[in-house]
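Novice: Before I ask anything, here is the structure I am working with.
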Amino acid sequence: MFSKIDNSRVHSAAWRISLWATLAFAFGTTIVFIFLHRFVAEDIQRRSDAWLSGEVETLGDVAERTPKDALYERVVGEVAELASKEVPNKARDEAGTNDSVFFLQEGTDGSLKLWVGSGDGQETLNAIRKKRMVPDQPTDINVSGFSVPFRVASDRVDDGSLIYLGLSERDELRVLNNLRLRFLFWAMLIILFGFAIVFFTTRRMLSHVRRITDAASRIGHSDLNTRVPTTMRNDEVAQLALTLNRMLDRIESSMHQLHTITDSLAHDLRSPLTAIRGKLEMSLSAAADGDRSEPIVSAIDELDRLTDFLNKSLDVAEAKADALRLTRSEIDLNELLSIMIDLYEPSMSEKGFEVRLLSQGPVKIFADAALVHRMVANLLDNELKHLPSGSRLTIELRDEEKTASLVLEDNGPGFDPDVLQHIFERRVKGRDSNGHGLGLAFVDAVVRAHGGTVAASNREGSGARITITLPLASEQGSRSLVATTSFI
Amino acid sequence: MRLLLVEDELDIQSFLKRSLEEAGYEVEAAADGKTAQRLAIEGPFDILIVDLGLPDIDGISLILRLRQSGVRAPVLILSARRSVDDRVHGLEQGGDDYLTKPFALAELLARLRNLLKRNTSSGNEATRLRVLDLELDLLRREASRGGQMLQLTPQEFVLLEYFCRNAGRVVTRSMILDKVWGMRIQPDTNVVDVHIYRLRGKVDGKGQVPLIRTLRGVGYVLKDR
């Protein structure tokens, strides 16, 4: 049963709680049983001691009153035989034979006067002598040839001889043994039952918590208008859900505020930019000759760069606050990269470097297409701007277990070691870079908004490596491992 | 072509009006939603340009109201907002296309033409395109100039097809990226120019009249006369 339980269940809180609860329960039950066992054992002992004392006294009386003639042995022997049939705790099927009781009379000279019982009388007498018994105080005697000890009571008869009555503890031990076995059986049953009950109740309880966790992680970065599920009950779990939802309300309202600010900033800057661009374009069409149009053309270029910078800045600002709005759809990264490389390849080969894509087929992610397009464009722009002629850029797309992994490797000069630590921060750029320092910050922003990771490092020897992981749209079935490499 | 321009920024409104009139449109302008609604219902328009940030009513609500009162003309939405979901939202709400500010005039005009064409689409697509001595066979994906077959990559063919469909009109880099590569990105490198440069090398051979012209600061144009 246990081997089938998968790892996640073994590591679940429900499993641990029920394990500890069961252990505590088993420990408590054992302690209680030990006390109970001792009480029962003592009680049985007390009863058999009382019987022994009573019987030995009766036998003493009989021994005293019976004349010491030829019949003495028979009379006392028969009385002893009778007594053995009234043994307490005796198993029923042993009624026929008597090996649980013995009667022994020791003469004043220490010789064996009378012996009733199975086994060797002398051996028993020797064992009793070794023990030095106190009269009226039943004692345990181990007789060789018997695996269980005898409980022996003694009495002194008027003629000075000692009589001993022994009762095998076999029956007593059998009763206790029975008790232990039954306890073990029932306790195991109850403990298993208890474990099951605790496990299933805790799991049910915790499944609410898991649902809340799932919902909360789904809500994630952008989808802030959904809430975690609440239950009608008023327990701790319901309180947790309510608290989370109140927190989400607050986060949503501050997100909303941030969006309002960035939107109005964008609007307030874009409107004049639109007017300026339009007027520039109109004067460009009016200015026919090349000399006069040149400054207008460069002004339009500057304006477009400013617009791009504004867009990127606002996106990065929102993404840093985990507030980038995403319109997700299923995208095949393999297809997207092929198109992108197709777009960038002429410029790259123009600059004298080679680009190739290593991919094993479709890799689907659930992402904002426009943002991912711009992210890949930023990565390729970055390479295009910084790689010297003769370099080689390899883009490897892999479908790992739950993530899509995108690795860009080049054999160029690599990242400036001074800025490598902060390469994904705003306005960080290499010494000889002429960009805004926003490109990689934007890449980082987009990747993080989609719940992925991005890392930059310098390769051993020479070159830069950027590693991006993005969660897959869904876990896809195993596909053929035949690598189709497309050289471009 | 009668066009209704709904734009509250008077600066933008005036230059748009002038440029649109130069392009041959008969333009009526409105600075707020109320006026726009009255004008739209009064006179029939072939096409509408609606800015989303109006002082009295949200642009999308305005479009919805106009649609309810029977205005069927296609709408080009102008948006200074950032989020993409507003755009998608706008498209879903019955506006046919959108353009983010700031934009190139050429792109605005191209999108207007597209909207008008879509509205009066014959459904009968040509299988051959002809611009001067340039000929494209859309079924066999083959191009020739002056009877001489051009060795084009599939991507170059798509690019040339786009030029031919817009022969004589300015196309901007972002229009090319959108229509040929299907992405609205703004690369800060010259990736599009290199493609055009290569295509031009194949289309405009030695001794031939150059067909693809660069309009600095604006885009490109394929000569049609």
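Labeling convention for the structure tokens: chains A, B, ... as they appear, residues from 1 per chain, ligands from 1 in order of appearance.
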When you look at Leu159 (chain B) with a cut-off of 10 Å (counting only C-alpha atoms), what residues show up, excluding the ones that are within fewer than 6 positions of it in the same chain? I need them as a PyMOL selection string.
Specialist: chain B and resi 152-153+176-177+179-181+195-196+199
Novice: Could you dump the residues just selected with N, CA and C atoms as a PDB file, in the first residue's frame?
Specialist:
```
ATOM      1  N   LEU B 152      13.163  35.103 -56.494  1.00  0.00           N
ATOM      2  CA  LEU B 152      12.809  35.665 -55.191  1.00  0.00           C
ATOM      3  C   LEU B 152      12.616  34.549 -54.165  1.00  0.00           C
ATOM      4  N   THR B 153      12.973  34.845 -52.927  1.00  0.00           N
ATOM      5  CA  THR B 153      12.655  33.911 -51.838  1.00  0.00           C
ATOM      6  C   THR B 153      11.164  34.071 -51.543  1.00  0.00           C
ATOM      7  N   ILE B 176       4.829  47.529 -43.218  1.00  0.00           N
ATOM      8  CA  ILE B 176       5.446  46.333 -43.817  1.00  0.00           C
ATOM      9  C   ILE B 176       5.591  45.239 -42.763  1.00  0.00           C
ATOM     10  N   LEU B 177       6.061  45.629 -41.563  1.00  0.00           N
ATOM     11  CA  LEU B 177       6.232  44.647 -40.484  1.00  0.00           C
ATOM     12  C   LEU B 177       4.898  43.998 -40.128  1.00  0.00           C
ATOM     13  N   LYS B 179       2.074  43.809 -42.058  1.00  0.00           N
ATOM     14  CA  LYS B 179       1.406  43.034 -43.105  1.00  0.00           C
ATOM     15  C   LYS B 179       2.229  41.863 -43.612  1.00  0.00           C
ATOM     16  N   VAL B 180       3.551  42.027 -43.665  1.00  0.00           N
ATOM     17  CA  VAL B 180       4.386  40.958 -44.233  1.00  0.00           C
ATOM     18  C   VAL B 180       4.837  39.975 -43.159  1.00  0.00           C
ATOM     19  N   TRP B 181       5.220  40.491 -41.995  1.00  0.00           N
ATOM     20  CA  TRP B 181       5.692  39.591 -40.940  1.00  0.00           C
ATOM     21  C   TRP B 181       4.651  39.363 -39.833  1.00  0.00           C
ATOM     22  N   HIS B 195      15.889  44.279 -46.003  1.00  0.00           N
ATOM     23  CA  HIS B 195      15.027  43.467 -46.852  1.00  0.00           C
ATOM     24  C   HIS B 195      14.681  44.202 -48.139  1.00  0.00           C
ATOM     25  N   ILE B 196      14.326  45.487 -48.003  1.00  0.00           N
ATOM     26  CA  ILE B 196      13.943  46.276 -49.182  1.00  0.00           C
ATOM     27  C   ILE B 196      15.139  46.432 -50.116  1.00  0.00           C
ATOM     28  N   LEU B 199      15.547  43.267 -51.979  1.00  0.00           N
ATOM     29  CA  LEU B 199      14.484  43.111 -52.974  1.00  0.00           C
ATOM     30  C   LEU B 199      14.733  44.037 -54.157  1.00  0.00           C
TER      31      LEU B 199
END
```
Novice: Any chance you could tabulate, as JSON lines, the residues of chain B at most 7 Å from chain A with each one's nearest atom pair and distance in Å to one decimal, using only C-alpha atoms, in chain and rising number order?
Specialist:
```
{"residue": "B:Asp11", "atom": "CA", "partner": "A:Ala275", "partner_atom": "CA", "distance": 6.0}
{"residue": "B:Ile12", "atom": "CA", "partner": "A:Ala275", "partner_atom": "CA", "distance": 4.9}
{"residue": "B:Phe15", "atom": "CA", "partner": "A:Gly278", "partner_atom": "CA", "distance": 6.5}
{"residue": "B:Ala80", "atom": "CA", "partner": "A:His267", "partner_atom": "CA", "distance": 5.0}
{"residue": "B:Arg81", "atom": "CA", "partner": "A:Asp263", "partner_atom": "CA", "distance": 5.8}
{"residue": "B:Arg82", "atom": "CA", "partner": "A:Asp263", "partner_atom": "CA", "distance": 6.2}
{"residue": "B:Ser83", "atom": "CA", "partner": "A:Arg325", "partner_atom": "CA", "distance": 6.6}
{"residue": "B:Val84", "atom": "CA", "partner": "A:Thr327", "partner_atom": "CA", "distance": 6.9}
{"residue": "B:Asp85", "atom": "CA", "partner": "A:Thr327", "partner_atom": "CA", "distance": 6.1}
{"residue": "B:Lys101", "atom": "CA", "partner": "A:Thr274", "partner_atom": "CA", "distance": 5.8}
{"residue": "B:Pro102", "atom": "CA", "partner": "A:Thr274", "partner_atom": "CA", "distance": 4.2}
{"residue": "B:Phe103", "atom": "CA", "partner": "A:Thr274", "partner_atom": "CA", "distance": 6.6}
{"residue": "B:Leu105", "atom": "CA", "partner": "A:Gly278", "partner_atom": "CA", "distance": 6.8}
{"residue": "B:Trp181", "atom": "CA", "partner": "A:Ile339", "partner_atom": "CA", "distance": 6.9}
{"residue": "B:Met183", "atom": "CA", "partner": "A:His373", "partner_atom": "CA", "distance": 6.8}
{"residue": "B:Arg184", "atom": "CA", "partner": "A:Ala370", "partner_atom": "CA", "distance": 6.7}
{"residue": "B:Ile185", "atom": "CA", "partner": "A:Arg374", "partner_atom": "CA", "distance": 5.6}
{"residue": "B:Pro187", "atom": "CA", "partner": "A:Ala377", "partner_atom": "CA", "distance": 6.3}
{"residue": "B:Asp188", "atom": "CA", "partner": "A:Asp381", "partner_atom": "CA", "distance": 6.7}
{"residue": "B:Thr189", "atom": "CA", "partner": "A:Asp381", "partner_atom": "CA", "distance": 6.2}
{"residue": "B:Val191", "atom": "CA", "partner": "A:Ser347", "partner_atom": "CA", "distance": 5.5}
{"residue": "B:Val194", "atom": "CA", "partner": "A:Ser347", "partner_atom": "CA", "distance": 5.7}
{"residue": "B:His195", "atom": "CA", "partner": "A:Pro346", "partner_atom": "CA", "distance": 6.5}
{"residue": "B:Arg216", "atom": "CA", "partner": "A:Val297", "partner_atom": "CA", "distance": 6.2}
{"residue": "B:Gly217", "atom": "CA", "partner": "A:Val297", "partner_atom": "CA", "distance": 4.5}
```
Novice: Write the residues of the preceding selection, restricted to N, CA and C atoms, as a compact mmCIF listing (two decimals), in the first residue's frame.
Specialist:
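Contents of part-v2.txt, as written:
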```txt
# COMPACT_ATOMS: atom_id res chain seq x y z
N ASP B 11 -5.17 70.61 -32.30
CA ASP B 11 -3.92 70.58 -33.04
C ASP B 11 -3.90 69.40 -34.01
N ILE B 12 -4.22 68.23 -33.44
CA ILE B 12 -4.21 67.01 -34.25
C ILE B 12 -5.33 67.07 -35.28
N PHE B 15 -4.39 69.27 -38.42
CA PHE B 15 -3.45 68.74 -39.43
C PHE B 15 -4.02 67.49 -40.09
N ALA B 80 -4.48 56.79 -27.82
CA ALA B 80 -3.23 57.20 -27.18
C ALA B 80 -3.00 56.35 -25.94
N ARG B 81 -3.91 55.41 -25.73
CA ARG B 81 -3.76 54.54 -24.56
C ARG B 81 -2.69 53.51 -24.81
N ARG B 82 -2.27 52.83 -23.78
CA ARG B 82 -1.15 51.91 -23.92
C ARG B 82 -1.59 50.46 -24.06
N SER B 83 -2.64 50.11 -23.29
CA SER B 83 -2.89 48.69 -23.15
C SER B 83 -3.47 48.08 -24.41
N VAL B 84 -3.07 46.86 -24.66
CA VAL B 84 -3.51 46.18 -25.87
C VAL B 84 -4.98 45.77 -25.74
N ASP B 85 -5.40 45.46 -24.49
CA ASP B 85 -6.77 44.95 -24.36
C ASP B 85 -7.80 46.01 -24.76
N LYS B 101 -1.33 56.25 -31.39
CA LYS B 101 -0.66 57.53 -31.57
C LYS B 101 0.74 57.44 -30.99
N PRO B 102 1.72 58.09 -31.51
CA PRO B 102 1.67 58.81 -32.78
C PRO B 102 1.81 57.85 -33.96
N PHE B 103 1.33 58.29 -35.11
CA PHE B 103 1.33 57.41 -36.27
C PHE B 103 1.86 58.17 -37.48
N LEU B 105 1.29 59.45 -41.21
CA LEU B 105 0.11 59.78 -42.03
C LEU B 105 -0.12 58.72 -43.09
N TRP B 181 5.22 40.49 -41.99
CA TRP B 181 5.69 39.59 -40.94
C TRP B 181 4.65 39.36 -39.83
N MET B 183 3.63 41.33 -37.36
CA MET B 183 3.88 41.77 -35.99
C MET B 183 3.98 43.28 -35.89
N ARG B 184 3.41 43.82 -34.83
CA ARG B 184 3.49 45.26 -34.61
C ARG B 184 4.67 45.54 -33.68
N ILE B 185 5.85 45.61 -34.26
CA ILE B 185 7.03 45.91 -33.45
C ILE B 185 7.71 47.13 -34.04
N PRO B 187 11.46 47.86 -34.39
CA PRO B 187 12.88 47.56 -34.16
C PRO B 187 13.70 48.84 -34.20
N ASP B 188 14.70 48.95 -33.33
CA ASP B 188 15.53 50.15 -33.45
C ASP B 188 16.79 49.86 -34.26
N THR B 189 16.64 48.90 -35.19
CA THR B 189 17.70 48.65 -36.16
C THR B 189 17.06 48.67 -37.54
N VAL B 191 16.34 46.58 -39.86
CA VAL B 191 16.02 45.26 -40.41
C VAL B 191 15.15 45.33 -41.66
N VAL B 194 17.04 46.55 -44.89
CA VAL B 194 17.91 45.58 -45.54
C VAL B 194 17.11 44.67 -46.45
N HIS B 195 15.89 44.28 -46.00
CA HIS B 195 15.03 43.47 -46.85
C HIS B 195 14.68 44.20 -48.14
N ARG B 216 12.49 59.33 -47.62
CA ARG B 216 13.16 59.44 -46.33
C ARG B 216 12.22 60.00 -45.26
N GLY B 217 12.28 59.37 -44.11
CA GLY B 217 11.45 59.82 -43.00
C GLY B 217 10.02 59.33 -43.09
```
Novice: Give me the residues within 8 Å of region 252-257 of chain A as a PDB file with C-alpha atoms, in the first residue's frame, counting only C-alpha atoms and dropping any in the same chain fewer than 6 places off.
Specialist:
```
ATOM      1  CA  LEU A 224      -6.466  40.654 -10.831  1.00  0.00           C
ATOM      2  CA  ASN A 225     -10.233  40.703 -11.100  1.00  0.00           C
ATOM      3  CA  ALA A 323       1.346  45.385 -13.294  1.00  0.00           C
TER       4      ALA A 323
END
```
Novice: Where in region 38-202 of chain B does DSSP assign strand (DSSP E or B), given as a ChimeraX atom specification?
Specialist: /B:47-51,53,58,75-79,97-100,128-131,134-137,142-145,148-150,170-171
Novice: For Arg465 (chain A), list every protein, DNA or RNA residue within 6 Å, evaluated using only C-alpha atoms, and leave out those in the same chain fewer than 3 positions away; present the list as a PyMOL selection string.
Specialist: chain A and resi 408-409+456-458
Novice: When you draw a straight line from CA of Gly110 (chain A) to CA of Pro135 (chain A), how long is it in Å?
Specialist: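 If I compute the distance from CA of Gly110 (chain A) to CA of Pro135 (chain A), I get 15.7 Å.
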Novice: Applying 12 Å and only C-alpha atoms, which residues near Val171 (chain B) remain after dropping the ones on its own chain fewer than 2 positions away? List them as JSON, numbers by chain.
Specialist: {"B": [104, 105, 106, 107, 108, 109, 110, 111, 159, 160, 162, 163, 164, 165, 166, 167, 168, 169, 173, 174, 175, 176, 177, 178, 179, 180, 192, 196, 212, 213, 214, 215, 216, 217, 218, 219, 220, 221, 222, 223]}
Novice: Can you pull out every residue from region 149-369 of chain A that DSSP, working from the backbone, puts in helix (DSSP H, G or I), and format the result as a VMD selection string?
Specialist: chain A and resid 170 to 219 236 to 286 290 to 320 333 to 350 369
Novice: As an exercise, work out the distance from CA of Lys34 (chain B) to CA of Val50 (chain B) in Å and give it to one decimal place.
Specialist: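 Those two atoms sit 12.7 Å apart.
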Novice: Give me the residues within 8 Å of Tyr164 (chain A) as a CSV table (one decimal) with C-alpha atoms, in the first residue's frame, counting only C-alpha atoms and dropping any in the same chain fewer than 2 places off.
Specialist:
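Once everything was written out, this is result_31.csv:
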```
chain,number,residue,atom,x,y,z
A,56,VAL,CA,-2.9,-24.6,51.9
A,103,PHE,CA,1.1,-30.8,46.9
A,104,LEU,CA,4.1,-31.5,48.8
A,105,GLN,CA,4.7,-32.3,52.5
A,106,GLU,CA,8.2,-32.0,53.9
A,152,VAL,CA,3.9,-21.8,46.0
A,153,ALA,CA,2.3,-21.2,49.4
A,154,SER,CA,3.5,-23.0,52.6
A,155,ASP,CA,2.0,-23.8,55.9
A,162,LEU,CA,5.8,-28.2,56.2
A,166,GLY,CA,2.1,-25.0,44.2
```
Novice: Env of Val237 (chain A): 12 Å cut, atoms = only C-alpha atoms, seq-sep filter 6 positions within chain, self excluded. Answer as a short mmCIF file (atom, residue, chain, number, x, y, z; two decimals) with C-alpha atoms, in the first residue's frame.
Specialist:
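Result went into out-v2.cif, see below:
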```cif
data_model
loop_
_atom_site.label_atom_id
_atom_site.label_comp_id
_atom_site.auth_asym_id
_atom_site.auth_seq_id
_atom_site.Cartn_x
_atom_site.Cartn_y
_atom_site.Cartn_z
CA THR A 202 -7.17 16.90 7.11
CA ARG A 204 -10.34 17.56 2.84
CA MET A 205 -9.66 20.58 4.97
CA LEU A 206 -6.34 21.25 3.28
CA SER A 207 -7.80 20.76 -0.19
CA HIS A 208 -9.66 24.02 0.43
CA VAL A 209 -6.33 25.61 1.21
CA ARG A 210 -4.85 24.09 -1.93
CA ARG A 211 -7.74 25.41 -4.01
CA ILE A 212 -7.09 28.84 -2.54
CA THR A 213 -3.36 28.53 -3.32
CA VAL A 228 -9.99 32.92 -4.52
CA PRO A 229 -12.95 30.61 -3.76
CA THR A 230 -14.68 31.14 -0.44
CA THR A 231 -16.73 28.64 1.53
CA THR A 243 -8.31 37.86 3.97
CA LEU A 244 -6.66 36.97 0.66
#
```
Novice: Rounded to one decimal in Å, what is the spacing between CA of Leu39 (chain B) and CA of Ala23 (chain B)?
Specialist: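 Result for CA of Leu39 (chain B) versus CA of Ala23 (chain B): 21.6 Å, one decimal.
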